Each structure stands twice: as structure tokens, then as C-alpha cells.
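A.B. asks: Input: one structure, supplied below.
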Amino acid sequence: MAKYKDTIDLYDDEGKLLKSNVTLDKISPLTNKGALELIDLTKRTAAVNLAGIEAALKTGKMGGKSNQILGRSLDCSVVKDADAIAAKIKGMLQVTDGDDTKITKVAGGKMLLVEVPSARIKAAATYDTTTTSIAAATTYALLEQYKIGMFDGAYVKGAVWGNLPADHGHAGRQRRLDPVHPAEQRRSRVRSP
């Protein structure tokens, strides 16, 4: 017996009717394996803008339009080295060999689509596990790839994270413990869908 009486019709991307009078409980992620897999994939996936990171390192522009560190420049071929960086990121994110960690190069290596392993999401206590773990792994991968010393490490972190996780909204004071606000997430080089 159906739990809900309301029904819907399901269509494909071209508008062709797939099935009529489907009860709502049949499409719920609580009972529909396909819907649950889609939600899981969304929670585990974020894009890393390697071209944006490379540009930020070269120009010192990071964290928004008005933010630039004049006189700072690191010449790192991040897009060219996308395969090596992706391998390092995967090695840091993987929980066990052969788990469901996946990294896909997009646009010729200008971006990486990263799926963290399900084990990280299951053990997560907060909503930002995906972006935080990917941003941290990307930062460390760049530090290792280009043998960047401690004095430039924060600069690399800024190129990857943007203003995250800071909030400049209260009289210019920076707070580091608040949740990420949407405006700050837009300035980061790691984004969830």
C-alpha cells in the first residue's frame, strides 16, 4: 500500500513520458536507490578550478575582485601538471585503496571534478566535509608538487581557498569559526555543485 496518495508523471530530458501516476514515495531518496545515489554523488563532488588557482598565484589576485597582493607571484604550471596534482589529491583523499574516490579532468585540465570517498561523508560531522577536504588536499598537493616553502604556503592556501573560511562582514574583523557564507563560497576556487 502506498504511503502517499499524490502521484506525478515522469518524463525524460526530451519531454517523453516515461511513466504515469507514480506515487511520491517511489521517487523519495528514502526508498528510491537511484535518487539516493544522485544525492550521495552531489554531496561527494566539488570542482577545483586549476586555471583559476594558477592565475591567482601568478597575479596575487585572490578572494574577490578588490583583493590583490601586489608584488607577489608564483609561477606554477598548475594546468600543465594537472595529472600529477590530481594523483596527489587522490592519494590524500582516499581512505582505502580502490574506494570510490574519483577525479576527472575537465576542459583539458583547467578544472578537476573530484568525488571524495563515501567513507568521508559517512564519518562527517558537518556539511562542508567535501569542499574542506578537497581544498586542503589541493593546497598540500601544490605545496608538494612545486616544493613551496613555509613562507609561501599561506599564499598557496589563499589561491585555493579564497577568503574561506573567513567572514569580513562585521566592521572588517575576520572571524574564522563561523559557517561559510554563500558570498565567500563564490570567491573560493573549490566549489560544490
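Residues in the C-alpha cells are numbered from 1 in each chain, the chains being A, B, ... in the order shown, and ligands are numbered from 1 in the order shown.
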For the structure I just gave you, how does DSSP split chain A - specifically, which residues are strand (DSSP E)? Reply as a PyMOL selection string.
C.D. replies: chain A and resi 7-11+17-23+45-49+102-106+111-115+167-170+173-175+190-191
A.B. asks: Residues at most 6 Å from region 118-133 of chain A, counting only C-alpha atoms, excluding those fewer than 2 positions away in the same chain, as a ChimeraX atom specification?
C.D. replies: /A:44,135-136
A.B. asks: When distances are computed from only C-alpha atoms, which of A:Ile53, A:Arg72, A:Lys61, A:Thr139 shows the smallest separation from Met92 (chain A)?
C.D. replies: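 Checking each candidate against Met92 (chain A), we get A:Thr139 as the closest.
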A.B. asks: Distance CA of Gly34 (chain A)-CA of Ile8 (chain A), one decimal place?
C.D. replies: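 Going from CA of Gly34 (chain A) over to CA of Ile8 (chain A), I get 16.9 Å.
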A.B. asks: Using DSSP on the backbone coordinates, identify all residues within region 24-143 of chain A classified as alpha helix (DSSP H); present the result as a ChimeraX atom specification.
C.D. replies: /A:33-44,50-59,82-93,118-122,129-143
A.B. asks: Would you please work out which residue, of A:Met150, A:Leu143, A:Leu10, A:Ile85, is nearest to Val48 (chain A) when using only C-alpha atoms?
C.D. replies: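 Ranking A:Met150, A:Leu143, A:Leu10, A:Ile85 by distance to Val48 (chain A), first place goes to A:Ile85.
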A.B. asks: Nearest to Leu112 (chain A) among A:Asp9, A:Glu37, A:Glu14, A:Asp81, with distances taken over only C-alpha atoms: which residue is it?
C.D. replies: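 Comparing A:Asp9, A:Glu37, A:Glu14, A:Asp81 against Leu112 (chain A), the winner is A:Asp81.
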